[in-house]
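A.B. asks: My structure file upload00.txt, compact mmCIF, C-alpha atoms, is below:
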# COMPACT_ATOMS: atom_id res chain seq x y z
CA MET A 1116 0.00 0.00 0.00
CA PRO A 1117 1.41 3.45 -0.86
CA ASP A 1118 2.24 5.62 2.10
CA GLU A 1119 0.34 8.93 2.32
CA THR A 1120 3.65 10.79 2.56
CA ASP A 1121 4.84 9.28 -0.76
CA PRO A 1122 4.97 11.73 -3.68
CA PRO A 1123 2.36 11.13 -6.42
CA PHE A 1124 3.43 8.61 -9.05
CA ASP A 1125 5.01 10.32 -12.07
CA LEU A 1126 3.38 8.24 -14.81
CA ALA A 1127 4.67 10.32 -17.74
CA GLY A 1128 8.25 10.25 -16.45
CA CYS A 1129 8.02 6.54 -15.74
CA LEU A 1130 6.70 5.83 -19.24
CA ALA A 1131 9.54 7.83 -20.78
CA ARG A 1132 12.06 5.76 -18.83
CA VAL A 1133 10.32 2.50 -19.76
CA ARG A 1134 10.63 3.47 -23.42
CA GLN A 1135 14.38 3.76 -22.84
CA LYS A 1136 14.35 0.15 -21.54
CA ASP A 1137 14.76 1.13 -17.90
CA GLN A 1138 13.91 -2.10 -16.04
CA GLN A 1139 13.35 -0.43 -12.69
CA ALA A 1140 10.85 1.99 -14.24
CA ALA A 1141 9.10 -0.94 -15.93
CA ARG A 1142 8.76 -2.72 -12.58
CA GLN A 1143 7.40 0.46 -10.98
CA LEU A 1144 4.87 0.79 -13.79
CA VAL A 1145 3.67 -2.79 -13.27
CA ASP A 1146 3.38 -2.28 -9.51
CA HIS A 1147 1.49 0.98 -10.05
CA LEU A 1148 -1.01 -0.48 -12.55
CA TYR A 1149 -1.46 -3.88 -10.90
CA PRO A 1150 -4.47 -2.87 -8.70
CA LEU A 1151 -6.30 -1.51 -11.77
CA VAL A 1152 -5.57 -4.61 -13.85
CA ILE A 1153 -6.35 -7.15 -11.13
CA ARG A 1154 -9.76 -5.55 -10.44
CA ILE A 1155 -10.70 -5.87 -14.11
CA VAL A 1156 -9.32 -9.40 -14.34
CA ARG A 1157 -11.17 -10.53 -11.19
CA SER A 1158 -14.49 -9.15 -12.37
CA HIS A 1159 -14.19 -10.74 -15.83
CA LEU A 1160 -12.26 -13.87 -14.96
CA PRO A 1161 -13.11 -16.86 -17.15
CA ARG A 1162 -13.47 -20.32 -15.65
CA ARG A 1163 -10.29 -22.31 -15.07
CA VAL A 1164 -7.97 -19.37 -15.70
CA ALA A 1165 -5.70 -18.15 -12.91
CA GLU A 1166 -5.98 -14.42 -12.25
CA GLU A 1167 -2.21 -14.04 -12.00
CA ASP A 1168 -1.67 -15.68 -15.41
CA LEU A 1169 -4.23 -13.42 -17.00
CA SER A 1170 -2.82 -10.25 -15.42
CA GLN A 1171 0.66 -11.29 -16.56
CA GLU A 1172 -0.68 -11.64 -20.11
CA VAL A 1173 -2.20 -8.15 -19.87
CA PHE A 1174 1.11 -6.62 -18.82
CA LEU A 1175 3.05 -8.47 -21.53
CA LYS A 1176 0.62 -7.11 -24.13
CA MET A 1177 1.01 -3.65 -22.62
CA PHE A 1178 4.79 -3.75 -23.00
CA SER A 1179 4.67 -5.19 -26.51
CA ARG A 1180 2.25 -2.48 -27.68
CA LEU A 1181 3.81 0.40 -25.79
CA ALA A 1182 5.25 1.91 -28.97
CA GLN A 1183 1.68 2.20 -30.32
CA TYR A 1184 0.50 4.33 -27.38
CA GLN A 1185 0.16 7.88 -28.68
CA GLY A 1186 -1.36 9.51 -25.60
CA ALA A 1187 -4.83 10.03 -27.15
CA VAL A 1188 -6.42 8.57 -23.99
CA PRO A 1189 -5.00 8.50 -20.44
CA PHE A 1190 -2.56 5.62 -20.03
CA PRO A 1191 -4.62 3.77 -17.36
CA HIS A 1192 -7.63 3.78 -19.75
CA TRP A 1193 -5.46 2.36 -22.48
CA VAL A 1194 -4.26 -0.40 -20.15
CA SER A 1195 -7.87 -1.04 -18.98
CA ARG A 1196 -8.86 -1.57 -22.59
CA ILE A 1197 -6.07 -4.13 -23.04
CA ALA A 1198 -7.19 -5.90 -19.85
CA VAL A 1199 -10.84 -5.99 -20.94
CA THR A 1200 -10.08 -7.28 -24.43
CA THR A 1201 -7.72 -9.93 -23.04
CA CYS A 1202 -10.46 -11.17 -20.69
CA ILE A 1203 -13.02 -11.19 -23.51
CA ASP A 1204 -10.64 -13.18 -25.73
CA HIS A 1205 -10.34 -15.80 -22.98
CA LEU A 1206 -14.10 -15.86 -22.41
CA ARG A 1207 -14.66 -16.38 -26.15
CA ALA A 1208 -12.12 -19.18 -26.17
CA GLN A 1209 -14.20 -21.06 -23.59
CA LYS A 1210 -16.79 -21.60 -26.38
CA ARG A 1211 -19.44 -23.64 -24.66
CA ARG A 1212 -21.20 -22.16 -21.65
CA PRO A 1213 -22.49 -24.71 -19.15
CA GLU A 1214 -26.26 -24.87 -18.90
CA PHE A 1215 -27.76 -23.08 -15.92
CA ARG A 1216 -29.51 -25.71 -13.74
CA TRP A 1217 -31.25 -25.51 -10.40
CA ALA A 1218 -29.34 -28.63 -9.36
CA ASP A 1219 -26.01 -26.78 -9.65
CA LEU A 1220 -27.03 -24.10 -7.18
CA SER A 1221 -26.20 -24.26 -3.50
CA GLU A 1222 -29.14 -24.47 -1.09
CA ASN A 1223 -28.78 -20.80 -0.20
CA GLU A 1224 -28.52 -19.70 -3.84
CA ALA A 1225 -31.60 -21.72 -4.78
CA GLU A 1226 -33.55 -20.16 -1.91
CA VAL A 1227 -32.54 -16.64 -2.93
CA LEU A 1228 -33.42 -17.27 -6.56
CA ASP A 1229 -36.74 -18.78 -5.60
CA ALA A 1230 -37.47 -15.81 -3.34
CA VAL A 1231 -36.73 -13.12 -5.95
CA MET A 1232 -38.86 -14.95 -8.51
CA THR A 1233 -41.85 -15.47 -6.27
CA ASN A 1234 -42.03 -12.19 -4.33
CA GLU A 1235 -41.16 -8.53 -4.79
CA ASN A 1236 -39.03 -8.11 -1.66
CA ASP A 1237 -35.42 -7.03 -1.69
CA VAL A 1238 -32.77 -9.66 -1.07
CA PRO A 1239 -31.92 -9.71 2.68
CA ALA A 1240 -28.45 -8.41 3.54
CA ASN A 1241 -27.32 -11.79 4.86
CA ASP A 1242 -28.07 -13.35 1.46
CA ALA A 1243 -25.97 -10.81 -0.44
CA MET A 1244 -23.12 -13.25 -1.02
CA ALA A 1245 -25.49 -15.86 -2.44
CA ALA A 1246 -27.01 -13.18 -4.69
CA HIS A 1247 -23.50 -12.23 -5.80
CA GLU A 1248 -22.72 -15.82 -6.76
CA LEU A 1249 -26.06 -16.18 -8.52
CA VAL A 1250 -25.51 -13.04 -10.56
CA HIS A 1251 -22.14 -14.35 -11.73
CA LYS A 1252 -23.64 -17.73 -12.65
CA LEU A 1253 -26.45 -16.05 -14.60
CA LEU A 1254 -23.99 -13.73 -16.35
CA GLY A 1255 -22.04 -16.81 -17.39
CA GLN A 1256 -24.99 -17.72 -19.62
CA LEU A 1257 -24.50 -14.63 -21.78
CA LYS A 1258 -22.12 -14.13 -24.69
CA PRO A 1259 -18.79 -12.67 -23.52
CA ASP A 1260 -19.40 -9.22 -25.04
CA ASP A 1261 -22.95 -9.03 -23.65
CA GLN A 1262 -21.69 -10.28 -20.31
CA LEU A 1263 -19.15 -7.49 -20.16
CA VAL A 1264 -21.70 -4.79 -20.95
CA ILE A 1265 -24.19 -6.01 -18.33
CA ARG A 1266 -21.47 -6.43 -15.73
CA LEU A 1267 -20.28 -2.88 -16.27
CA LEU A 1268 -23.81 -1.44 -16.41
CA ASP A 1269 -25.54 -3.32 -13.61
CA LEU A 1270 -22.77 -4.34 -11.24
CA GLU A 1271 -20.24 -1.55 -11.63
CA GLN A 1272 -22.95 1.00 -12.54
CA LYS A 1273 -20.91 2.62 -15.29
CA SER A 1274 -22.53 4.91 -17.81
CA ILE A 1275 -22.70 4.08 -21.52
CA ALA A 1276 -20.04 6.73 -22.18
CA GLU A 1277 -17.73 5.19 -19.58
CA ILE A 1278 -18.22 1.72 -21.05
CA ALA A 1279 -17.41 3.11 -24.49
CA GLN A 1280 -14.19 4.51 -23.08
CA ILE A 1281 -13.23 1.24 -21.39
CA THR A 1282 -14.07 -1.07 -24.28
CA GLY A 1283 -13.49 1.16 -27.31
CA TRP A 1284 -16.93 0.18 -28.69
CA ASN A 1285 -19.32 2.84 -29.91
CA GLN A 1286 -22.31 3.76 -27.77
CA SER A 1287 -24.96 2.37 -30.15
CA LEU A 1288 -23.25 -1.02 -30.14
CA ILE A 1289 -23.18 -1.01 -26.34
CA LYS A 1290 -26.92 -0.21 -26.20
CA VAL A 1291 -27.68 -3.02 -28.66
CA ARG A 1292 -25.61 -5.47 -26.62
CA ALA A 1293 -27.30 -4.37 -23.38
CA PHE A 1294 -30.73 -4.82 -24.98
CA ARG A 1295 -29.82 -8.26 -26.30
CA ALA A 1296 -28.37 -9.33 -22.96
CA ARG A 1297 -31.43 -8.19 -21.01
CA ARG A 1298 -33.71 -10.06 -23.38
CA LYS A 1299 -31.62 -13.18 -22.87
CA LEU A 1300 -31.77 -12.73 -19.09
CA GLN A 1301 -35.53 -12.33 -19.30
CA LYS A 1302 -35.79 -15.60 -21.21
CA LEU A 1303 -33.53 -17.26 -18.69
CA PHE A 1304 -35.75 -16.22 -15.79
CA GLN A 1305 -38.85 -17.47 -17.62
CA GLU A 1306 -37.16 -20.78 -18.27
CA LEU A 1307 -36.05 -21.11 -14.66
CA ARG A 1308 -39.57 -20.44 -13.46
CA ARG A 1309 -40.94 -23.08 -15.81
CA LYS A 1310 -38.38 -25.61 -14.63
CA GLU A 1311 -39.12 -24.79 -11.02
CA ARG A 1312 -42.86 -25.40 -11.54
CA SER A 1313 -42.24 -28.64 -13.35
CA MET B 97 -43.04 -10.37 -11.20
CA ASN B 98 -42.12 -7.27 -13.14
CA SER B 99 -41.44 -8.32 -16.70
CA HIS B 100 -38.57 -6.05 -17.75
CA PRO B 101 -35.03 -6.58 -16.42
CA ASN B 102 -34.53 -2.78 -16.45
CA SER B 103 -37.26 -2.37 -13.84
CA PRO B 104 -35.97 -2.00 -10.25
CA ARG B 105 -38.42 -4.69 -9.04
CA HIS B 106 -37.33 -7.28 -11.60
CA PRO B 107 -35.55 -10.26 -9.95
CA TRP B 108 -32.38 -9.43 -11.89
CA ALA B 109 -32.35 -5.84 -10.59
CA ARG B 110 -32.88 -7.02 -6.99
CA LEU B 111 -30.15 -9.65 -7.33
CA THR B 112 -27.64 -7.15 -8.73
CA ALA B 113 -28.55 -4.60 -6.05
CA ALA B 114 -27.73 -7.22 -3.40
CA ALA B 115 -24.58 -8.34 -5.26
CA ARG B 116 -23.28 -4.76 -5.31
CA THR B 117 -23.26 -4.67 -1.52
CA VAL B 118 -20.63 -7.44 -1.46
CA HIS B 119 -17.22 -5.85 -1.24
CA ASP B 120 -14.15 -7.54 -2.59
CA ASP B 121 -11.62 -7.42 0.25
CA ARG B 122 -8.91 -9.34 -1.59
CA GLU B 123 -5.44 -7.87 -1.81
CA THR B 124 -4.91 -5.69 -4.89
CA SER B 125 -1.17 -5.05 -4.64
CA ALA B 126 1.12 -7.06 -6.89
CA PRO B 127 2.36 -10.41 -5.49
CA TYR B 128 6.01 -10.72 -4.52
CA ALA B 129 8.35 -10.66 -7.55
CA PHE B 130 5.43 -10.38 -10.00
CA SER B 131 6.75 -7.18 -11.59
CA THR B 132 10.30 -8.58 -11.84
CA ARG B 133 9.02 -11.69 -13.64
CA VAL B 134 6.77 -9.73 -16.01
CA VAL B 135 9.48 -7.21 -16.90
CA ALA B 136 12.03 -9.98 -17.48
CA LEU B 137 9.60 -11.79 -19.77
CA ALA B 138 8.63 -8.61 -21.64
CA LEU B 139 12.20 -7.47 -22.21
CA GLY B 140 13.26 -11.02 -23.07
CA ARG B 141 10.65 -11.13 -25.81
CA GLU B 142 11.88 -7.82 -27.26
CA THR B 143 15.48 -9.05 -27.30
CA LYS B 144 14.38 -12.24 -29.03
CA MET B 145 12.54 -10.27 -31.70
CA VAL B 146 15.51 -7.96 -32.26
CA SER B 147 17.95 -10.88 -32.61
CA LEU B 148 15.59 -12.55 -35.09
CA PHE B 149 15.58 -9.35 -37.12
CA ASP B 150 19.38 -9.24 -36.91
CA VAL B 151 19.65 -12.76 -38.31
CA PHE B 152 17.38 -11.93 -41.24
CA ALA B 153 19.19 -8.65 -41.91
CA LEU B 154 22.59 -10.41 -42.01
CA ARG B 155 21.25 -13.08 -44.34
CA ALA B 156 19.84 -10.42 -46.64
CA LEU B 157 23.20 -8.64 -46.63
CA GLY B 158 25.00 -11.90 -47.50
CA VAL B 159 22.64 -12.63 -50.40
CA ALA B 160 23.05 -9.06 -51.70
CA CYS B 161 26.87 -9.41 -51.62
CA LEU B 162 26.76 -12.72 -53.50
CA LEU B 163 24.47 -11.23 -56.16
CA ALA B 164 26.82 -8.26 -56.55
CA ILE B 165 29.84 -10.54 -56.99
CA PHE B 166 27.95 -12.75 -59.45
CA SER B 167 26.90 -9.78 -61.57
CA VAL B 168 30.50 -8.47 -61.67
CA VAL B 169 31.79 -11.91 -62.74
CA VAL B 170 29.15 -12.30 -65.49
CA ASN B 171 29.71 -8.82 -66.89
CA PHE B 172 33.47 -8.70 -66.36
CA GLY B 173 34.34 -9.12 -70.04
CA GLU B 174 32.01 -6.38 -71.16
CA LEU B 175 33.12 -4.04 -68.44
CA SER B 176 36.80 -4.57 -69.17
CA ARG B 177 36.20 -4.02 -72.90
CA ARG B 178 34.43 -0.74 -72.22
CA LEU B 179 37.02 0.42 -69.75
CA SER B 180 40.04 -0.56 -71.88
CA GLY B 181 39.45 1.78 -74.84
CA PRO B 182 37.38 4.73 -76.03
CA PRO B 183 34.15 4.01 -77.96
CA GLN B 184 34.76 3.59 -81.68
CA GLY B 185 31.68 5.01 -83.29
CA PRO B 186 28.00 4.12 -83.55
CA ALA B 187 28.60 0.68 -85.10
CA LEU B 188 30.27 -0.54 -81.90
CA VAL B 189 27.43 0.77 -79.77
CA GLU B 190 24.92 -1.11 -81.91
CA ASP B 191 26.92 -4.27 -81.42
CA VAL B 192 26.87 -3.87 -77.67
CA LEU B 193 23.25 -2.91 -77.25
CA PRO B 194 20.48 -5.22 -78.47
CA PRO B 195 18.20 -3.74 -81.14
CA VAL B 196 15.16 -2.19 -79.55
CA GLN B 197 11.82 -2.90 -81.17
CA ASP B 198 8.55 -1.15 -80.66
CA ALA B 199 6.37 -3.72 -78.82
CA ALA B 200 3.11 -2.27 -80.21
CA ALA B 201 4.48 -2.47 -83.76
CA VAL B 202 5.43 -6.12 -83.26
CA VAL B 203 1.94 -6.98 -81.98
CA LEU B 204 0.29 -5.16 -84.89
CA ALA B 205 2.55 -6.92 -87.38
CA LEU B 206 1.70 -10.31 -85.90
CA SER B 207 -2.02 -9.56 -85.99
CA ASP B 208 -1.76 -8.78 -89.71
Turn the structure described in the file into structure tokens.
C.D. replies:
Amino acid sequence: MPDETDPPFDLAGCLARVRQKDQQAARQLVDHLYPLVIRIVRSHLPRRVAEEDLSQEVFLKMFSRLAQYQGAVPFPHWVSRIAVTTCIDHLRAQKRRPEFRWADLSENEAEVLDAVMTNENDVPANDAMAAHELVHKLLGQLKPDDQLVIRLLDLEQKSIAEIAQITGWNQSLIKVRAFRARRKLQKLFQELRRKERS
Amino acid sequence: MNSHPNSPRHPWARLTAAARTVHDDRETSAPYAFSTRVVALALGRETKMVSLFDVFALRALGVACLLAIFSVVVNFGELSRRLSGPPQGPALVEDVLPPVQDAAAVVLALSD
């Protein structure tokens, strides 16, 4: 954790030194950006992929593309974009998404899902973790790009403009993906309800 | 149940509202020696790419040298003839240079 008395990190100076192959500056850059990258990686982590491996891949891509960075967007945004696209590439590579089944849910998760589908009450605070797990399992049923949009919109509560900045997609495309993802979620809930009744 | 996932009473909206209250308390600072490993790998890759380029550049230089030597050997007689004495009129030039024909004229003649 950085000490409060530490001077602010000189990103521009560090980048200039990294471009001159300064290894110490490169290590400082990785340490500085790691919290940003690991948060993205953790929230979009595909199954069976270690978070450290994925963050390492993000940093390797960052170094290999550093010459292409022209400063049009702030450097952390540029790195975020690399992290997001790397995660999406891994999610796409998974190909088949496992079917969402009641039987795969824990007892607590099944109870929470049953409760939200049968009444209009908010999820109790002590069931928040189960709701969190459920949301991630339901998101896993969406296509990687749709998953990303819904995660950023509904869980991280980003605006469309912010998502456009993070992903590099245009705003209309993001709206289309959000619409498509919500429709899929709606179908999923209907299907779950039908299965529950049967 | 409210039918649109955008609605705040939809099950999805209530689930995500609850999920947002869960805070991720995991460590976010880089693990020990992570940056050293990543930097070593990144710089190692660059060196590898540069050395690969070097190999190709040297090969290209070698091939260019061989071609230059070959062209000197093939044209040595002609070059030495030209360098040994002054040109002796237009007849000699015609001997050296192949007759140039108009390609369009040749095609037209053939078509006739």
A.B. asks: Once you count all atoms listed in the file, what closest atom pair and distance in Å to one decimal does each residue of chain A within 8 Å of chain B have, with rows by chain and rising residue number, as CSV?
C.D. replies:
residue,atom,partner,partner_atom,distance
A:Met1116,CA,B:Ser125,CA,7.0
A:Lys1136,CA,B:Leu139,CA,7.9
A:Gln1138,CA,B:Val135,CA,6.8
A:Ala1141,CA,B:Val135,CA,6.4
A:Arg1142,CA,B:Ser131,CA,5.0
A:Gln1143,CA,B:Ser131,CA,7.7
A:Val1145,CA,B:Ser131,CA,5.6
A:Asp1146,CA,B:Ala126,CA,5.9
A:Tyr1149,CA,B:Ala126,CA,5.7
A:Pro1150,CA,B:Thr124,CA,4.8
A:Ile1153,CA,B:Thr124,CA,6.6
A:Arg1154,CA,B:Thr124,CA,7.4
A:Gln1171,CA,B:Val134,CA,6.3
A:Phe1174,CA,B:Val134,CA,7.0
A:Leu1175,CA,B:Ala138,CA,5.6
A:Phe1178,CA,B:Ala138,CA,6.3
A:Ser1179,CA,B:Ala138,CA,7.1
A:Val1231,CA,B:Pro107,CA,5.1
A:Met1232,CA,B:Pro107,CA,5.9
A:Thr1233,CA,B:Met97,CA,7.2
A:Asn1234,CA,B:Met97,CA,7.2
A:Glu1235,CA,B:Arg105,CA,6.3
A:Asp1237,CA,B:Arg110,CA,5.9
A:Val1238,CA,B:Ala114,CA,6.1
A:Pro1239,CA,B:Ala114,CA,7.8
A:Ala1240,CA,B:Ala114,CA,7.1
A:Asp1242,CA,B:Ala114,CA,7.8
A:Ala1243,CA,B:Ala114,CA,5.0
A:Met1244,CA,B:Val118,CA,6.3
A:Ala1246,CA,B:Leu111,CA,5.4
A:His1247,CA,B:Ala115,CA,4.1
A:Glu1248,CA,B:Ala115,CA,7.9
A:Leu1249,CA,B:Leu111,CA,7.8
A:Val1250,CA,B:Thr112,CA,6.5
A:Asp1269,CA,B:Thr112,CA,6.5
A:Leu1270,CA,B:Arg116,CA,6.0
A:Glu1271,CA,B:Arg116,CA,7.7
A:Arg1297,CA,B:Pro101,CA,6.1
A:Arg1298,CA,B:Pro101,CA,7.9
A:Leu1300,CA,B:Pro101,CA,7.5
A:Gln1301,CA,B:Pro101,CA,6.5
A.B. asks: Export C-alpha atoms of the chosen residues as a short mmCIF file (atom, residue, chain, number, x, y, z; two decimals), in the coordinates of the input?
C.D. replies:
data_model
loop_
_atom_site.label_atom_id
_atom_site.label_comp_id
_atom_site.auth_asym_id
_atom_site.auth_seq_id
_atom_site.Cartn_x
_atom_site.Cartn_y
_atom_site.Cartn_z
CA MET A 1116 0.00 0.00 0.00
CA LYS A 1136 14.35 0.15 -21.54
CA GLN A 1138 13.91 -2.10 -16.04
CA ALA A 1141 9.10 -0.94 -15.93
CA ARG A 1142 8.76 -2.72 -12.58
CA GLN A 1143 7.40 0.46 -10.98
CA VAL A 1145 3.67 -2.79 -13.27
CA ASP A 1146 3.38 -2.28 -9.51
CA TYR A 1149 -1.46 -3.88 -10.90
CA PRO A 1150 -4.47 -2.87 -8.70
CA ILE A 1153 -6.35 -7.15 -11.13
CA ARG A 1154 -9.76 -5.55 -10.44
CA GLN A 1171 0.66 -11.29 -16.56
CA PHE A 1174 1.11 -6.62 -18.82
CA LEU A 1175 3.05 -8.47 -21.53
CA PHE A 1178 4.79 -3.75 -23.00
CA SER A 1179 4.67 -5.19 -26.51
CA VAL A 1231 -36.73 -13.12 -5.95
CA MET A 1232 -38.86 -14.95 -8.51
CA THR A 1233 -41.85 -15.47 -6.27
CA ASN A 1234 -42.03 -12.19 -4.33
CA GLU A 1235 -41.16 -8.53 -4.79
CA ASP A 1237 -35.42 -7.03 -1.69
CA VAL A 1238 -32.77 -9.66 -1.07
CA PRO A 1239 -31.92 -9.71 2.68
CA ALA A 1240 -28.45 -8.41 3.54
CA ASP A 1242 -28.07 -13.35 1.46
CA ALA A 1243 -25.97 -10.81 -0.44
CA MET A 1244 -23.12 -13.25 -1.02
CA ALA A 1246 -27.01 -13.18 -4.69
CA HIS A 1247 -23.50 -12.23 -5.80
CA GLU A 1248 -22.72 -15.82 -6.76
CA LEU A 1249 -26.06 -16.18 -8.52
CA VAL A 1250 -25.51 -13.04 -10.56
CA ASP A 1269 -25.54 -3.32 -13.61
CA LEU A 1270 -22.77 -4.34 -11.24
CA GLU A 1271 -20.24 -1.55 -11.63
CA ARG A 1297 -31.43 -8.19 -21.01
CA ARG A 1298 -33.71 -10.06 -23.38
CA LEU A 1300 -31.77 -12.73 -19.09
CA GLN A 1301 -35.53 -12.33 -19.30
#
A.B. asks: Take atom CA of A:Ser1195 and atom CA of A:Asp1125 and report the distance between them in Å, one decimal.
C.D. replies: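 Between atom CA of A:Ser1195 and atom CA of A:Asp1125 the gap works out to 18.5 Å.
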A.B. asks: Have a look at atom CA of A:Arg1134 and atom CA of A:Glu1172 and let me know their distance in Å, one decimal.
C.D. replies: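 Between these atoms lies a distance of 19.2 Å.
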A.B. asks: Determine, counting only C-alpha atoms, which protein, DNA and RNA residues have an atom within 9 Å of an atom of A:Ile1155; residues of the same chain fewer than 6 positions away are not included. Present the result as number ranges by chain.
C.D. replies: A: 1195, 1198-1199, 1202
A.B. asks: Would you list the contacts of A:Leu1206 as number ranges by chain, taking every protein, DNA or RNA residue within 6 Å and counting all atoms listed in the file, but skipping same-chain residues closer than 2 positions in sequence?
C.D. replies: A: 1161, 1203-1204, 1208-1209, 1259
A.B. asks: Please complete stretch 1212-1232 of chain A with N, CA and C atoms and give it back as an mmCIF file, in the coordinates of the input.
C.D. replies:
data_model
loop_
_atom_site.group_PDB
_atom_site.id
_atom_site.type_symbol
_atom_site.label_atom_id
_atom_site.label_comp_id
_atom_site.auth_asym_id
_atom_site.auth_seq_id
_atom_site.Cartn_x
_atom_site.Cartn_y
_atom_site.Cartn_z
ATOM 1 N N ARG A 1212 -20.858 -22.575 -23.003
ATOM 2 C CA ARG A 1212 -21.200 -22.160 -21.650
ATOM 3 C C ARG A 1212 -22.029 -23.279 -21.010
ATOM 4 N N PRO A 1213 -21.711 -23.632 -19.770
ATOM 5 C CA PRO A 1213 -22.490 -24.710 -19.150
ATOM 6 C C PRO A 1213 -23.937 -24.266 -18.932
ATOM 7 N N GLU A 1214 -24.842 -25.207 -19.060
ATOM 8 C CA GLU A 1214 -26.260 -24.870 -18.900
ATOM 9 C C GLU A 1214 -26.539 -24.503 -17.442
ATOM 10 N N PHE A 1215 -27.410 -23.513 -17.263
ATOM 11 C CA PHE A 1215 -27.760 -23.080 -15.920
ATOM 12 C C PHE A 1215 -28.830 -24.031 -15.379
ATOM 13 N N ARG A 1216 -28.542 -24.745 -14.281
ATOM 14 C CA ARG A 1216 -29.510 -25.710 -13.740
ATOM 15 C C ARG A 1216 -29.713 -25.455 -12.255
ATOM 16 N N TRP A 1217 -30.932 -25.667 -11.833
ATOM 17 C CA TRP A 1217 -31.250 -25.510 -10.400
ATOM 18 C C TRP A 1217 -30.351 -26.425 -9.578
ATOM 19 N N ALA A 1218 -30.093 -27.620 -10.118
ATOM 20 C CA ALA A 1218 -29.340 -28.630 -9.360
ATOM 21 C C ALA A 1218 -27.911 -28.167 -9.052
ATOM 22 N N ASP A 1219 -27.384 -27.234 -9.867
ATOM 23 C CA ASP A 1219 -26.010 -26.780 -9.650
ATOM 24 C C ASP A 1219 -25.914 -25.683 -8.593
ATOM 25 N N LEU A 1220 -27.060 -25.186 -8.150
ATOM 26 C CA LEU A 1220 -27.030 -24.100 -7.180
ATOM 27 C C LEU A 1220 -26.905 -24.654 -5.760
ATOM 28 N N SER A 1221 -26.255 -23.855 -4.911
ATOM 29 C CA SER A 1221 -26.200 -24.260 -3.500
ATOM 30 C C SER A 1221 -27.596 -24.042 -2.908
ATOM 31 N N GLU A 1222 -27.811 -24.584 -1.720
ATOM 32 C CA GLU A 1222 -29.140 -24.470 -1.090
ATOM 33 C C GLU A 1222 -29.519 -23.002 -0.901
ATOM 34 N N ASN A 1223 -28.540 -22.224 -0.446
ATOM 35 C CA ASN A 1223 -28.780 -20.800 -0.200
ATOM 36 C C ASN A 1223 -29.081 -20.049 -1.492
ATOM 37 N N GLU A 1224 -28.314 -20.356 -2.537
ATOM 38 C CA GLU A 1224 -28.520 -19.700 -3.840
ATOM 39 C C GLU A 1224 -29.901 -20.039 -4.395
ATOM 40 N N ALA A 1225 -30.288 -21.301 -4.277
ATOM 41 C CA ALA A 1225 -31.600 -21.720 -4.780
ATOM 42 C C ALA A 1225 -32.724 -21.011 -4.022
ATOM 43 N N GLU A 1226 -32.537 -20.857 -2.721
ATOM 44 C CA GLU A 1226 -33.550 -20.160 -1.910
ATOM 45 C C GLU A 1226 -33.679 -18.698 -2.324
ATOM 46 N N VAL A 1227 -32.523 -18.057 -2.539
ATOM 47 C CA VAL A 1227 -32.540 -16.640 -2.930
ATOM 48 C C VAL A 1227 -33.196 -16.478 -4.297
ATOM 49 N N LEU A 1228 -32.846 -17.354 -5.213
ATOM 50 C CA LEU A 1228 -33.420 -17.270 -6.560
ATOM 51 C C LEU A 1228 -34.929 -17.507 -6.518
ATOM 52 N N ASP A 1229 -35.314 -18.475 -5.750
ATOM 53 C CA ASP A 1229 -36.740 -18.780 -5.600
ATOM 54 C C ASP A 1229 -37.468 -17.573 -5.018
ATOM 55 N N ALA A 1230 -36.836 -16.950 -4.011
ATOM 56 C CA ALA A 1230 -37.470 -15.810 -3.340
ATOM 57 C C ALA A 1230 -37.649 -14.628 -4.292
ATOM 58 N N VAL A 1231 -36.600 -14.299 -5.061
ATOM 59 C CA VAL A 1231 -36.730 -13.120 -5.950
ATOM 60 C C VAL A 1231 -37.721 -13.377 -7.099
ATOM 61 N N MET A 1232 -37.926 -14.664 -7.408
ATOM 62 C CA MET A 1232 -38.860 -14.950 -8.510
ATOM 63 C C MET A 1232 -40.307 -15.055 -8.035
#
